[in-house]
Structures are given as structure tokens and as C-alpha cells.
$ cat query-v4.txt   # compact mmCIF, C-alpha atoms (C1' of nucleotides)
# COMPACT_ATOMS: atom_id res chain seq x y z
CA MET A 1 0.00 0.00 0.00
CA LYS A 2 1.00 3.55 -0.68
CA THR A 3 1.23 6.01 2.17
CA GLU A 4 0.76 9.51 0.78
CA GLN A 5 2.56 12.26 2.60
CA LEU A 6 0.31 14.87 4.13
CA PHE A 7 1.05 18.56 4.58
CA SER A 8 -0.44 21.15 6.88
CA ILE A 9 -1.57 24.47 5.51
CA SER A 10 1.44 26.36 6.83
CA GLU A 11 3.84 23.76 5.51
CA LEU A 12 2.34 24.14 2.07
CA ALA A 13 2.40 27.92 2.40
CA ALA A 14 6.09 27.89 3.36
CA MET A 15 6.94 25.67 0.39
CA PHE A 16 5.67 28.25 -2.05
CA ASP A 17 6.32 31.36 0.00
CA ILE A 18 2.71 32.41 0.19
CA SER A 19 0.36 32.95 3.14
CA SER A 20 -2.08 30.47 4.63
CA ARG A 21 -4.79 32.98 3.91
CA THR A 22 -4.00 32.74 0.21
CA ILE A 23 -4.43 28.97 0.27
CA ARG A 24 -7.73 29.25 2.12
CA TYR A 25 -8.83 31.86 -0.38
CA TYR A 26 -8.02 29.54 -3.27
CA GLU A 27 -10.20 26.92 -1.64
CA GLU A 28 -12.93 29.52 -1.08
CA VAL A 29 -13.11 30.28 -4.79
CA GLY A 30 -12.94 26.64 -5.79
CA LEU A 31 -9.40 26.53 -7.10
CA LEU A 32 -8.11 24.15 -4.50
CA SER A 33 -9.60 21.57 -2.18
CA SER A 34 -8.49 19.74 0.91
CA GLU A 35 -10.53 16.60 0.56
CA SER A 36 -8.63 14.67 3.14
CA ARG A 37 -10.19 16.78 5.86
CA GLU A 38 -12.29 14.85 8.40
CA SER A 39 -14.82 17.53 9.25
CA LEU A 40 -15.46 21.10 8.21
CA THR A 41 -14.01 22.50 11.40
CA LYS A 42 -10.98 20.27 11.64
CA GLN A 43 -7.64 21.31 10.20
CA ARG A 44 -6.92 21.01 6.52
CA THR A 45 -4.42 18.50 5.21
CA TYR A 46 -3.01 18.37 1.73
CA THR A 47 -1.63 15.58 -0.42
CA ASN A 48 0.90 15.74 -3.21
CA HIS A 49 -1.95 16.11 -5.62
CA GLU A 50 -2.96 19.43 -4.13
CA ARG A 51 0.65 20.49 -3.90
CA ARG A 52 1.04 20.00 -7.65
CA ARG A 53 -2.22 21.80 -8.26
CA LEU A 54 -1.06 24.76 -6.21
CA LYS A 55 2.14 24.85 -8.21
CA LEU A 56 0.10 25.12 -11.39
CA ILE A 57 -1.97 27.93 -9.90
CA LEU A 58 1.12 29.91 -9.00
CA ARG A 59 2.65 29.41 -12.42
CA GLY A 60 -0.54 30.79 -13.91
CA LYS A 61 -0.39 33.79 -11.62
CA LYS A 62 3.19 34.56 -12.54
CA LEU A 63 2.12 34.55 -16.16
CA GLY A 64 -0.54 37.16 -15.47
CA PHE A 65 -3.65 35.03 -15.72
CA SER A 66 -6.59 35.71 -13.43
CA LEU A 67 -7.65 33.10 -10.91
CA GLN A 68 -10.76 32.53 -13.01
CA GLU A 69 -8.72 31.77 -16.13
CA ILE A 70 -6.42 29.53 -14.14
CA LYS A 71 -9.41 27.65 -12.80
CA GLU A 72 -10.67 27.02 -16.30
CA MET A 73 -7.31 25.74 -17.46
CA ILE A 74 -6.78 23.43 -14.51
CA ASP A 75 -10.31 22.15 -14.73
CA LEU A 76 -9.39 21.24 -18.27
CA TYR A 77 -6.59 19.08 -16.91
CA GLU A 78 -8.81 17.16 -14.55
CA SER A 79 -12.11 17.12 -16.35
CA ASN A 80 -13.60 13.82 -17.34
CA PRO A 81 -15.80 14.53 -20.34
CA GLU A 82 -18.69 12.19 -21.02
CA GLY A 83 -20.12 12.63 -24.51
CA GLU A 84 -18.46 13.56 -27.79
CA ASP A 85 -19.89 17.06 -27.55
CA GLU A 86 -18.22 17.58 -24.22
CA LYS A 87 -14.90 16.33 -25.56
CA ASN A 88 -15.13 18.58 -28.58
CA ARG A 89 -15.92 21.56 -26.39
CA ILE A 90 -12.86 20.89 -24.28
CA ILE A 91 -10.62 20.37 -27.27
CA SER A 92 -11.66 23.62 -28.87
CA PHE A 93 -11.12 25.40 -25.56
CA ALA A 94 -7.62 23.97 -25.51
CA ASP A 95 -7.00 25.14 -29.07
CA GLN A 96 -8.17 28.61 -28.15
CA LYS A 97 -5.87 28.77 -25.13
CA ILE A 98 -2.95 27.55 -27.19
CA ASP A 99 -3.58 30.35 -29.68
CA GLU A 100 -3.63 32.89 -26.88
CA ILE A 101 -0.41 31.55 -25.45
CA GLU A 102 1.33 31.63 -28.80
CA GLU A 103 0.24 35.20 -29.28
CA GLN A 104 1.57 36.08 -25.85
CA ILE A 105 4.90 34.48 -26.62
CA LEU A 106 5.08 36.46 -29.83
CA GLN A 107 4.34 39.72 -28.05
CA LEU A 108 6.91 38.95 -25.39
CA GLN A 109 9.51 38.37 -28.07
CA LEU A 110 8.66 41.73 -29.59
CA LEU A 111 8.93 43.39 -26.21
CA LYS A 112 12.27 41.73 -25.64
CA ALA A 113 13.51 42.97 -29.00
CA ASP A 114 12.37 46.48 -28.14
CA ILE A 115 14.23 46.47 -24.87
CA LEU A 116 17.33 45.03 -26.48
CA ALA A 117 17.28 47.77 -29.08
CA HIS A 118 17.08 50.47 -26.45
CA LYS A 119 19.76 48.84 -24.38
CA LYS A 120 22.01 48.83 -27.41
CA LYS A 121 21.30 52.50 -27.91
CA TYR A 122 22.56 53.28 -24.41
CA LEU A 123 25.53 50.99 -24.83
CA ASP A 124 26.56 52.74 -28.03
CA SER A 125 26.34 56.12 -26.34
CA LYS A 126 28.92 55.07 -23.81
CA ASP A 127 32.46 56.52 -24.28
CA MET B 1 7.72 72.09 -41.86
CA LYS B 2 6.04 69.04 -40.44
CA THR B 3 2.37 69.22 -39.54
CA GLU B 4 1.67 66.56 -36.93
CA GLN B 5 -1.80 65.13 -36.89
CA LEU B 6 -3.71 65.69 -33.68
CA PHE B 7 -6.27 63.39 -32.08
CA SER B 8 -9.01 64.06 -29.56
CA ILE B 9 -9.35 61.87 -26.52
CA SER B 10 -12.35 59.98 -27.87
CA GLU B 11 -10.66 59.43 -31.21
CA LEU B 12 -7.71 57.87 -29.46
CA ALA B 13 -10.02 55.82 -27.25
CA ALA B 14 -11.91 54.50 -30.26
CA MET B 15 -8.67 53.52 -32.00
CA PHE B 16 -7.73 51.18 -29.20
CA ASP B 17 -11.21 50.27 -28.03
CA ILE B 18 -10.78 51.68 -24.55
CA SER B 19 -12.63 54.43 -22.67
CA SER B 20 -11.70 58.07 -22.38
CA ARG B 21 -11.64 57.57 -18.65
CA THR B 22 -8.85 55.02 -19.07
CA ILE B 23 -6.77 57.51 -21.02
CA ARG B 24 -7.32 60.21 -18.42
CA TYR B 25 -6.40 57.72 -15.73
CA TYR B 26 -3.16 56.89 -17.49
CA GLU B 27 -2.36 60.58 -17.52
CA GLU B 28 -3.32 60.84 -13.85
CA VAL B 29 -0.76 58.19 -12.89
CA GLY B 30 1.92 59.63 -15.13
CA LEU B 31 1.90 57.03 -17.88
CA LEU B 32 0.72 59.37 -20.57
CA SER B 33 0.74 63.08 -21.20
CA SER B 34 -1.04 65.49 -23.46
CA GLU B 35 1.55 68.18 -23.72
CA SER B 36 -0.05 69.89 -26.63
CA ARG B 37 -2.79 71.18 -24.34
CA GLU B 38 -3.06 74.94 -24.06
CA SER B 39 -4.36 75.20 -20.52
CA LEU B 40 -5.28 72.77 -17.77
CA THR B 41 -8.99 73.11 -18.35
CA LYS B 42 -8.88 73.04 -22.13
CA GLN B 43 -9.40 69.86 -24.08
CA ARG B 44 -6.62 67.34 -24.49
CA THR B 45 -5.03 66.69 -27.85
CA TYR B 46 -2.68 63.87 -28.70
CA THR B 47 0.05 63.46 -31.26
CA ASN B 48 1.38 60.32 -32.91
CA HIS B 49 3.95 60.14 -30.20
CA GLU B 50 1.33 59.64 -27.54
CA ARG B 51 -0.56 57.23 -29.77
CA ARG B 52 2.51 55.02 -30.00
CA ARG B 53 3.05 55.30 -26.29
CA LEU B 54 -0.50 54.23 -25.61
CA LYS B 55 0.01 51.25 -27.88
CA LEU B 56 2.99 50.21 -25.80
CA ILE B 57 0.99 50.57 -22.61
CA LEU B 58 -1.76 48.33 -23.92
CA ARG B 59 0.71 45.71 -25.09
CA GLY B 60 2.15 45.67 -21.61
CA LYS B 61 -1.29 45.25 -20.11
CA LYS B 62 -2.12 42.33 -22.38
CA LEU B 63 1.07 40.70 -21.20
CA GLY B 64 -0.03 40.99 -17.60
CA PHE B 65 2.30 43.73 -16.42
CA SER B 66 1.07 46.29 -13.90
CA LEU B 67 0.82 49.92 -14.90
CA GLN B 68 3.75 50.61 -12.60
CA GLU B 69 5.96 48.07 -14.36
CA ILE B 70 4.87 49.40 -17.72
CA LYS B 71 5.77 52.90 -16.65
CA GLU B 72 9.25 51.78 -15.70
CA MET B 73 9.77 50.04 -19.02
CA ILE B 74 8.51 52.92 -21.14
CA ASP B 75 10.49 55.41 -19.12
CA LEU B 76 13.46 53.29 -20.07
CA TYR B 77 12.66 53.92 -23.73
CA GLU B 78 12.53 57.65 -23.36
CA SER B 79 15.03 58.33 -20.64
CA ASN B 80 18.03 60.44 -21.40
CA PRO B 81 20.70 59.38 -18.94
CA GLU B 82 23.41 61.85 -18.05
CA GLY B 83 26.36 60.18 -16.35
CA GLU B 84 27.91 56.76 -16.76
CA ASP B 85 26.31 55.63 -13.52
CA GLU B 86 22.89 56.49 -14.83
CA LYS B 87 23.56 54.64 -18.07
CA ASN B 88 24.79 51.59 -16.22
CA ARG B 89 21.74 51.60 -13.98
CA ILE B 90 19.48 51.66 -17.02
CA ILE B 91 21.38 48.93 -18.79
CA SER B 92 21.24 46.62 -15.82
CA PHE B 93 17.53 47.31 -15.48
CA ALA B 94 17.14 46.32 -19.12
CA ASP B 95 19.11 43.13 -18.52
CA GLN B 96 16.92 42.28 -15.60
CA LYS B 97 13.74 42.81 -17.59
CA ILE B 98 15.07 40.69 -20.41
CA ASP B 99 15.73 37.87 -17.98
CA GLU B 100 12.20 38.12 -16.65
CA ILE B 101 10.77 38.07 -20.13
CA GLU B 102 12.81 35.05 -21.14
CA GLU B 103 11.64 33.24 -18.04
CA GLN B 104 8.05 34.12 -18.89
CA ILE B 105 8.45 32.82 -22.41
CA LEU B 106 9.86 29.59 -21.03
CA GLN B 107 6.96 29.17 -18.62
CA LEU B 108 4.47 29.88 -21.37
CA GLN B 109 6.07 27.20 -23.51
CA LEU B 110 5.73 24.74 -20.63
CA LEU B 111 2.11 25.70 -20.16
CA LYS B 112 1.49 25.24 -23.86
CA ALA B 113 3.08 21.80 -23.75
CA ASP B 114 0.90 20.87 -20.79
CA ILE B 115 -2.26 21.90 -22.57
CA LEU B 116 -1.20 20.10 -25.73
CA ALA B 117 -0.60 16.93 -23.76
CA HIS B 118 -4.03 17.07 -22.20
CA LYS B 119 -5.66 17.86 -25.52
CA LYS B 120 -3.99 14.81 -26.99
CA LYS B 121 -5.34 12.73 -24.13
CA TYR B 122 -8.88 13.76 -24.98
CA LEU B 123 -8.28 13.26 -28.67
CA ASP B 124 -7.03 9.73 -28.09
CA SER B 125 -10.08 8.91 -26.01
CA LYS B 126 -12.33 9.73 -28.94
CA ASP B 127 -13.82 6.71 -30.85
C1' DA C 1 -3.76 18.50 32.93
C1' DA C 2 -2.22 22.88 31.64
C1' DT C 3 0.04 25.81 28.61
C1' DT C 4 1.35 27.06 24.10
C1' DA C 5 1.29 26.89 19.15
C1' DA C 6 -1.25 26.38 15.05
C1' DG C 7 -5.55 26.37 12.61
C1' DT C 8 -10.57 28.06 11.67
C1' DA C 9 -14.49 31.07 10.29
C1' DA C 10 -16.20 35.52 9.80
C1' DA C 11 -15.84 40.03 8.85
C1' DC C 12 -13.88 44.21 7.75
C1' DG C 13 -9.72 46.67 5.41
C1' DT C 14 -6.69 47.54 1.27
C1' DT C 15 -4.84 48.39 -3.46
C1' DA C 16 -4.93 48.66 -8.51
C1' DA C 17 -7.43 49.95 -12.35
C1' DC C 18 -10.75 51.67 -13.81
C1' DG C 19 -16.59 52.71 -14.09
C1' DT C 20 -20.13 55.94 -13.18
C1' DC C 21 -22.31 60.13 -12.06
C1' DA C 22 -22.82 65.12 -11.27
C1' DA C 23 -21.98 69.71 -12.26
C1' DC C 24 -19.61 72.65 -15.23
C1' DT C 25 -17.17 74.39 -19.69
C1' DA C 26 -15.61 74.86 -24.55
C1' DG C 27 -16.50 74.92 -29.32
C1' DG C 28 -18.94 74.47 -33.64
C1' DG C 29 -23.47 74.62 -36.52
C1' DG C 30 -27.48 77.06 -37.68
C1' DC D 1 -26.74 84.03 -29.81
C1' DC D 2 -28.52 79.52 -28.72
C1' DC D 3 -28.15 74.73 -28.72
C1' DC D 4 -25.93 70.50 -28.77
C1' DT D 5 -22.11 67.53 -28.49
C1' DA D 6 -17.81 66.45 -26.57
C1' DG D 7 -14.65 67.29 -22.94
C1' DT D 8 -13.25 68.54 -17.92
C1' DT D 9 -12.63 67.92 -12.93
C1' DG D 10 -13.92 65.93 -8.76
C1' DA D 11 -15.86 62.33 -6.04
C1' DC D 12 -17.72 58.14 -4.92
C1' DG D 13 -18.52 53.06 -6.49
C1' DT D 14 -16.69 48.44 -8.00
C1' DT D 15 -14.04 44.04 -8.53
C1' DA D 16 -10.18 40.84 -7.81
C1' DA D 17 -7.05 39.05 -4.72
C1' DC D 18 -5.75 38.92 -0.94
C1' DG D 19 -4.18 41.25 4.31
C1' DT D 20 -5.51 41.89 9.03
C1' DT D 21 -7.97 41.31 13.14
C1' DT D 22 -11.03 38.94 16.39
C1' DA D 23 -12.84 35.35 18.91
C1' DC D 24 -12.67 30.58 19.17
C1' DT D 25 -11.09 25.54 18.63
C1' DT D 26 -7.76 21.89 17.80
C1' DA D 27 -3.24 19.91 18.14
C1' DA D 28 1.16 19.60 20.24
C1' DT D 29 4.32 20.12 24.13
C1' DT D 30 5.71 20.08 28.70

$ encode --input "query-v4.txt" --output "C-alpha cells"
Amino acid sequence: MKTEQLFSISELAAMFDISSRTIRYYEEVGLLSSESRESLTKQRTYTNHERRRLKLILRGKKLGFSLQEIKEMIDLYESNPEGEDEKNRIISFADQKIDEIEEQILQLQLLKADILAHKKKYLDSKD
Amino acid sequence: MKTEQLFSISELAAMFDISSRTIRYYEEVGLLSSESRESLTKQRTYTNHERRRLKLILRGKKLGFSLQEIKEMIDLYESNPEGEDEKNRIISFADQKIDEIEEQILQLQLLKADILAHKKKYLDSKD
DNA sequence: AATTAAGTAAACGTTAACGTCAACTAGGGG
DNA sequence: CCCCTAGTTGACGTTAACGTTTACTTAATT
């Protein structure tokens, strides 16, 4: 049998350098869960599954996505579509997100080029 | 002589599909100016210079940067450093931003790969 | 068992980035 | 000159994403 390691809320918070409040907030808005909790008033415990999920959330945040967008993307990861329609809906959502991401990458490359150009300008003006 | 075209605030707003209020707010926080205004109570007019600047602001927003970060980056474009120290400070700021951008691009590529993998999973489960 | 540390829910506070509304002004057409 | 449209400055309202505080409970330590 497999004994999954459990984390407390402050352990998880320390791992990612965020506050406990932030984790509770993510649960409040349905981004995270702590299923392995005995009762509603008892303390939360987290498994590796939730740790990975939190990591995904924070990556999304660093990239500038809203919690709502992040929720949609992660739900995509863990959704279990029933009919063909549902699958098609998910696949086209994925395609749409991929397009957005590619556009973002493109814009970031343009921004990088801009900054490089200006940096060069200041470098050339030295001496 | 060169006659620069002038735009009203609502013309500029329409161009970029934003509100006039947004433009005034950008001026309020020092991101934008309307120098070609006669007096403080008269109407604002914008030149191509400010139009380009606004375009940069909106690109930054789409990329998830805060207005404060955007301000710092654009100020970099238009700053006119005096001493060597000032130039070096600007250049190292540029380097730092470039690092951040490269990291963002990397993370976006990972996110894209993730989504592609999950899309494939759903595709394979079809039929 | 008693103290201390850590966690909980609830509620109010905060900041960025605007939206909205009110009261006033400037400028052009007829 | 009058009217109408577009613009102006406050000032207060709004939403997301938490921070902070309070009063209380659960878990750990001695």
C-alpha cells in the first residue's frame, strides 16, 4: 500500500512562499480543495496532488492570468468529459488557449527585441 | 515644416477600443501626457507620439504587467541618462527585464506543452 | 492536565485599475 | 446668440485578490 505524505496548511504555504490565507482563499473560490479533511471545522491537510495543483496555480499567476482563467485551465486538466460534444468543447477550448499563449509568446519576443534595441542605444552612447 | 496630426481623446479611445476615462487615468498616474494642451482646463489633444506610447501601454497590459511596471519600461525607452552611472543603472535594469521576459516565455512554452498533452489525451479517447 | 502553538471562520480593510455620475465648460453649426 | 455635443474635474462606487484582526477551537508540548 501507498502512504501519501500529508502537509499542513502552513507547511504548504512555506513551500511556495505564500500565506495560509492565500491557500484558504483559493479553496474559497474553488481553485483548491483539501478533501482529506475529516470535518469542516478540523484542520486542513493536503496531499501531493494538491501540492502539484497549487504549483500550477502559482505558475498561472506569474504569467498574469486571473484566478478565473487559471481555474478554467486546470479544470481542463482534470475534467472527465462524457459525450463527444463535451470532448469537442474541451478540445476547442484547448485550441483557443494555445492560440492565446502563442500570441503572448510572440508579443513577449517583440517586447524583448524592443528592450534590447534600447539597451544597445545606451551601450553605443557610452564613451 | 512638419504638420503633426492631432487626435481628440475619444478618437484615441476609439482607435484602441478603450474608454476616455482610461486615457485620463493613465495621464493621472503619469503614464501618458497630453503636452499639446493649451491650458489645464482646455481639451486634451494627442500626437502620434502619444498614440505610440499608448500602444505600448496596452501591449504591456495584455502581457499581464502592472501599470507601474509598464511605466518603468517605457520610461526606459525615453530616458536620457546623463552620467555613466545612470547609463549603467538603465542597462542593468534592461538586462533584468530581459531575464524576466525570457523566463516568462519559457513558462508559457511549458504551459502550452501541458495543454497540448491534455488535448492529446482527450483526442485519443475519442472513438 | 495545563500551557502554548497552530488552525478556523467571519468580517472588515486595502490596493490597482478603472466605471459611473454630477456639475460645469468649450467649441462648432445654424 | 442659442443649442448640442464632446470634454473637464472631482468624487464616490466596484471588482479581484488577498491582508488583518477577532474570537474561538484543535493539536502539540511540557

$ residues_around --input "query-v4.txt" --residues "DA28 in chain D" --least-positions-apart "6" --cutoff "10 Å" --atoms "only C-alpha atoms (C1' of nucleotides)" --output "number ranges by chain"
C: 4-6

$ interface_residues --input "query-v4.txt" --of "chain A" --to "chain C" --cutoff "12 Å" --atoms "all atoms listed in the file" --output "VMD selection string"
chain A and resid 8 to 11 20 to 21 24 28 39 to 45

$ write_last_selection --input "query-v4.txt" --atoms "C-alpha atoms" --output "mmCIF file, in the coordinates of the input"
data_model
loop_
_atom_site.group_PDB
_atom_site.id
_atom_site.type_symbol
_atom_site.label_atom_id
_atom_site.label_comp_id
_atom_site.auth_asym_id
_atom_site.auth_seq_id
_atom_site.Cartn_x
_atom_site.Cartn_y
_atom_site.Cartn_z
ATOM 1 C CA SER A 8 -0.440 21.150 6.880
ATOM 2 C CA ILE A 9 -1.570 24.470 5.510
ATOM 3 C CA SER A 10 1.440 26.360 6.830
ATOM 4 C CA GLU A 11 3.840 23.760 5.510
ATOM 5 C CA SER A 20 -2.080 30.470 4.630
ATOM 6 C CA ARG A 21 -4.790 32.980 3.910
ATOM 7 C CA ARG A 24 -7.730 29.250 2.120
ATOM 8 C CA GLU A 28 -12.930 29.520 -1.080
ATOM 9 C CA SER A 39 -14.820 17.530 9.250
ATOM 10 C CA LEU A 40 -15.460 21.100 8.210
ATOM 11 C CA THR A 41 -14.010 22.500 11.400
ATOM 12 C CA LYS A 42 -10.980 20.270 11.640
ATOM 13 C CA GLN A 43 -7.640 21.310 10.200
ATOM 14 C CA ARG A 44 -6.920 21.010 6.520
ATOM 15 C CA THR A 45 -4.420 18.500 5.210
#

$ residues_around --input "query-v4.txt" --residues "Met15 in chain A" --least-positions-apart "6" --cutoff "12 Å" --atoms "only C-alpha atoms (C1' of nucleotides)" --output "list in words"
Phe7, Ser8, Ile9, Ile23, Arg51, Arg52, Leu54, Lys55 and Leu58 of chain A

$ write_last_selection --input "query-v4.txt" --atoms "C-alpha atoms" --output "PDB file, in the coordinates of the input"
ATOM      1  CA  PHE A   7       1.050  18.560   4.580  1.00  0.00           C
ATOM      2  CA  SER A   8      -0.440  21.150   6.880  1.00  0.00           C
ATOM      3  CA  ILE A   9      -1.570  24.470   5.510  1.00  0.00           C
ATOM      4  CA  ILE A  23      -4.430  28.970   0.270  1.00  0.00           C
ATOM      5  CA  ARG A  51       0.650  20.490  -3.900  1.00  0.00           C
ATOM      6  CA  ARG A  52       1.040  20.000  -7.650  1.00  0.00           C
ATOM      7  CA  LEU A  54      -1.060  24.760  -6.210  1.00  0.00           C
ATOM      8  CA  LYS A  55       2.140  24.850  -8.210  1.00  0.00           C
ATOM      9  CA  LEU A  58       1.120  29.910  -9.000  1.00  0.00           C
TER      10      LEU A  58
END

$ closest_atom_pairs --input "query-v4.txt" --of "chain A" --to "chain B" --cutoff "7 Å" --atoms "only C-alpha atoms" --output "JSON lines"
{"residue": "A:Leu63", "atom": "CA", "partner": "B:Gln104", "partner_atom": "CA", "distance": 6.5}
{"residue": "A:Gly64", "atom": "CA", "partner": "B:Gly64", "partner_atom": "CA", "distance": 4.4}
{"residue": "A:Tyr77", "atom": "CA", "partner": "B:His118", "partner_atom": "CA", "distance": 6.2}
{"residue": "A:Lys87", "atom": "CA", "partner": "B:Tyr122", "partner_atom": "CA", "distance": 6.6}
{"residue": "A:Ile91", "atom": "CA", "partner": "B:Lys119", "partner_atom": "CA", "distance": 5.8}
{"residue": "A:Ala94", "atom": "CA", "partner": "B:Lys119", "partner_atom": "CA", "distance": 6.4}
{"residue": "A:Ile98", "atom": "CA", "partner": "B:Lys112", "partner_atom": "CA", "distance": 6.0}
{"residue": "A:Ile101", "atom": "CA", "partner": "B:Leu108", "partner_atom": "CA", "distance": 6.6}
{"residue": "A:Gln104", "atom": "CA", "partner": "B:Leu63", "partner_atom": "CA", "distance": 6.6}
{"residue": "A:Ile105", "atom": "CA", "partner": "B:Ile105", "partner_atom": "CA", "distance": 5.8}
{"residue": "A:Leu108", "atom": "CA", "partner": "B:Ile101", "partner_atom": "CA", "distance": 6.6}
{"residue": "A:Lys112", "atom": "CA", "partner": "B:Ile98", "partner_atom": "CA", "distance": 6.0}
{"residue": "A:Ile115", "atom": "CA", "partner": "B:Ala94", "partner_atom": "CA", "distance": 6.4}
{"residue": "A:His118", "atom": "CA", "partner": "B:Tyr77", "partner_atom": "CA", "distance": 6.2}
{"residue": "A:Lys119", "atom": "CA", "partner": "B:Ile91", "partner_atom": "CA", "distance": 5.8}
{"residue": "A:Tyr122", "atom": "CA", "partner": "B:Lys87", "partner_atom": "CA", "distance": 6.6}

$ interface_residues --input "query-v4.txt" --of "chain D" --to "chain A" --cutoff "12 Å" --atoms "all atoms listed in the file" --output "JSON, numbers by chain"
{"D": [16, 17, 18, 19, 20, 24, 25, 26, 27]}

$ write_last_selection --input "query-v4.txt" --atoms "C-alpha atoms (C1' of nucleotides)" --output "PDB file, keeping the file's coordinate frame"
ATOM      1  C1'  DA D  16     -10.180  40.840  -7.810  1.00  0.00           C
ATOM      2  C1'  DA D  17      -7.050  39.050  -4.720  1.00  0.00           C
ATOM      3  C1'  DC D  18      -5.750  38.920  -0.940  1.00  0.00           C
ATOM      4  C1'  DG D  19      -4.180  41.250   4.310  1.00  0.00           C
ATOM      5  C1'  DT D  20      -5.510  41.890   9.030  1.00  0.00           C
ATOM      6  C1'  DC D  24     -12.670  30.580  19.170  1.00  0.00           C
ATOM      7  C1'  DT D  25     -11.090  25.540  18.630  1.00  0.00           C
ATOM      8  C1'  DT D  26      -7.760  21.890  17.800  1.00  0.00           C
ATOM      9  C1'  DA D  27      -3.240  19.910  18.140  1.00  0.00           C
TER      10       DA D  27
END

$ atom_distance --input "query-v4.txt" --atom1 "CA of Leu6 in chain A" --atom2 "CA of Leu31 in chain A"
18.9 Å

$ atom_distance --input "query-v4.txt" --atom1 "CA of Ala13 in chain A" --atom2 "CA of Ile70 in chain A"
18.8 Å

$ axis_aligned_box --input "query-v4.txt" --around "range 28-45 of chain B" --padding-each-side "6 Å" --output "AutoDock Vina command-line options"
--center_x -3.7 --center_y 66.1 --center_z -20.4 --size_x 23.3 --size_y 30.2 --size_z 27.0

$ atom_distance --input "query-v4.txt" --atom1 "CA of Glu27 in chain B" --atom2 "CA of His49 in chain B"
14.2 Å

$ decode --input "query-v4.txt" --residues "range 11-18 of chain B" --atoms "all heavy atoms" --output "short mmCIF file (atom, residue, chain, number, x, y, z; two decimals), in the first residue's frame"
data_model
loop_
_atom_site.label_atom_id
_atom_site.label_comp_id
_atom_site.auth_asym_id
_atom_site.auth_seq_id
_atom_site.Cartn_x
_atom_site.Cartn_y
_atom_site.Cartn_z
N GLU B 11 -11.22 60.05 -30.00
CA GLU B 11 -10.66 59.43 -31.21
C GLU B 11 -9.62 58.38 -30.81
O GLU B 11 -9.64 57.24 -31.29
CB GLU B 11 -10.01 60.48 -32.11
CG GLU B 11 -11.00 61.26 -32.96
CD GLU B 11 -10.35 62.45 -33.66
OE1 GLU B 11 -9.21 62.83 -33.29
OE2 GLU B 11 -10.99 62.99 -34.58
N LEU B 12 -8.75 58.78 -29.93
CA LEU B 12 -7.71 57.87 -29.46
C LEU B 12 -8.33 56.66 -28.77
O LEU B 12 -7.92 55.51 -28.99
CB LEU B 12 -6.80 58.62 -28.49
CG LEU B 12 -5.36 58.12 -28.36
CD1 LEU B 12 -4.66 58.15 -29.70
CD2 LEU B 12 -4.61 58.96 -27.34
N ALA B 13 -9.34 56.92 -27.96
CA ALA B 13 -10.02 55.82 -27.25
C ALA B 13 -10.63 54.84 -28.24
O ALA B 13 -10.50 53.62 -28.07
CB ALA B 13 -11.08 56.39 -26.32
N ALA B 14 -11.27 55.37 -29.26
CA ALA B 14 -11.91 54.50 -30.26
C ALA B 14 -10.87 53.65 -31.00
O ALA B 14 -11.10 52.48 -31.29
CB ALA B 14 -12.70 55.35 -31.24
N MET B 15 -9.74 54.25 -31.30
CA MET B 15 -8.67 53.52 -32.00
C MET B 15 -8.28 52.24 -31.29
O MET B 15 -8.02 51.23 -31.92
CB MET B 15 -7.40 54.39 -32.05
CG MET B 15 -7.36 55.37 -33.17
SD MET B 15 -5.80 56.29 -33.07
CE MET B 15 -6.26 57.75 -34.00
N PHE B 16 -8.22 52.33 -29.96
CA PHE B 16 -7.73 51.18 -29.20
C PHE B 16 -8.83 50.46 -28.44
O PHE B 16 -8.56 49.56 -27.64
CB PHE B 16 -6.64 51.63 -28.23
CG PHE B 16 -5.40 52.12 -28.91
CD1 PHE B 16 -5.12 53.47 -28.98
CD2 PHE B 16 -4.53 51.21 -29.52
CE1 PHE B 16 -3.97 53.93 -29.61
CE2 PHE B 16 -3.38 51.66 -30.15
CZ PHE B 16 -3.11 53.02 -30.20
N ASP B 17 -10.06 50.90 -28.69
CA ASP B 17 -11.21 50.27 -28.03
C ASP B 17 -11.08 50.29 -26.50
O ASP B 17 -11.22 49.27 -25.83
CB ASP B 17 -11.37 48.83 -28.53
CG ASP B 17 -12.75 48.28 -28.16
OD1 ASP B 17 -13.70 49.07 -28.10
OD2 ASP B 17 -12.85 47.06 -27.90
N ILE B 18 -10.79 51.46 -26.00
CA ILE B 18 -10.78 51.68 -24.55
C ILE B 18 -11.62 52.91 -24.26
O ILE B 18 -12.11 53.55 -25.19
CB ILE B 18 -9.35 51.89 -24.02
CG1 ILE B 18 -8.69 53.08 -24.70
CG2 ILE B 18 -8.52 50.62 -24.21
CD1 ILE B 18 -7.30 53.38 -24.20
#
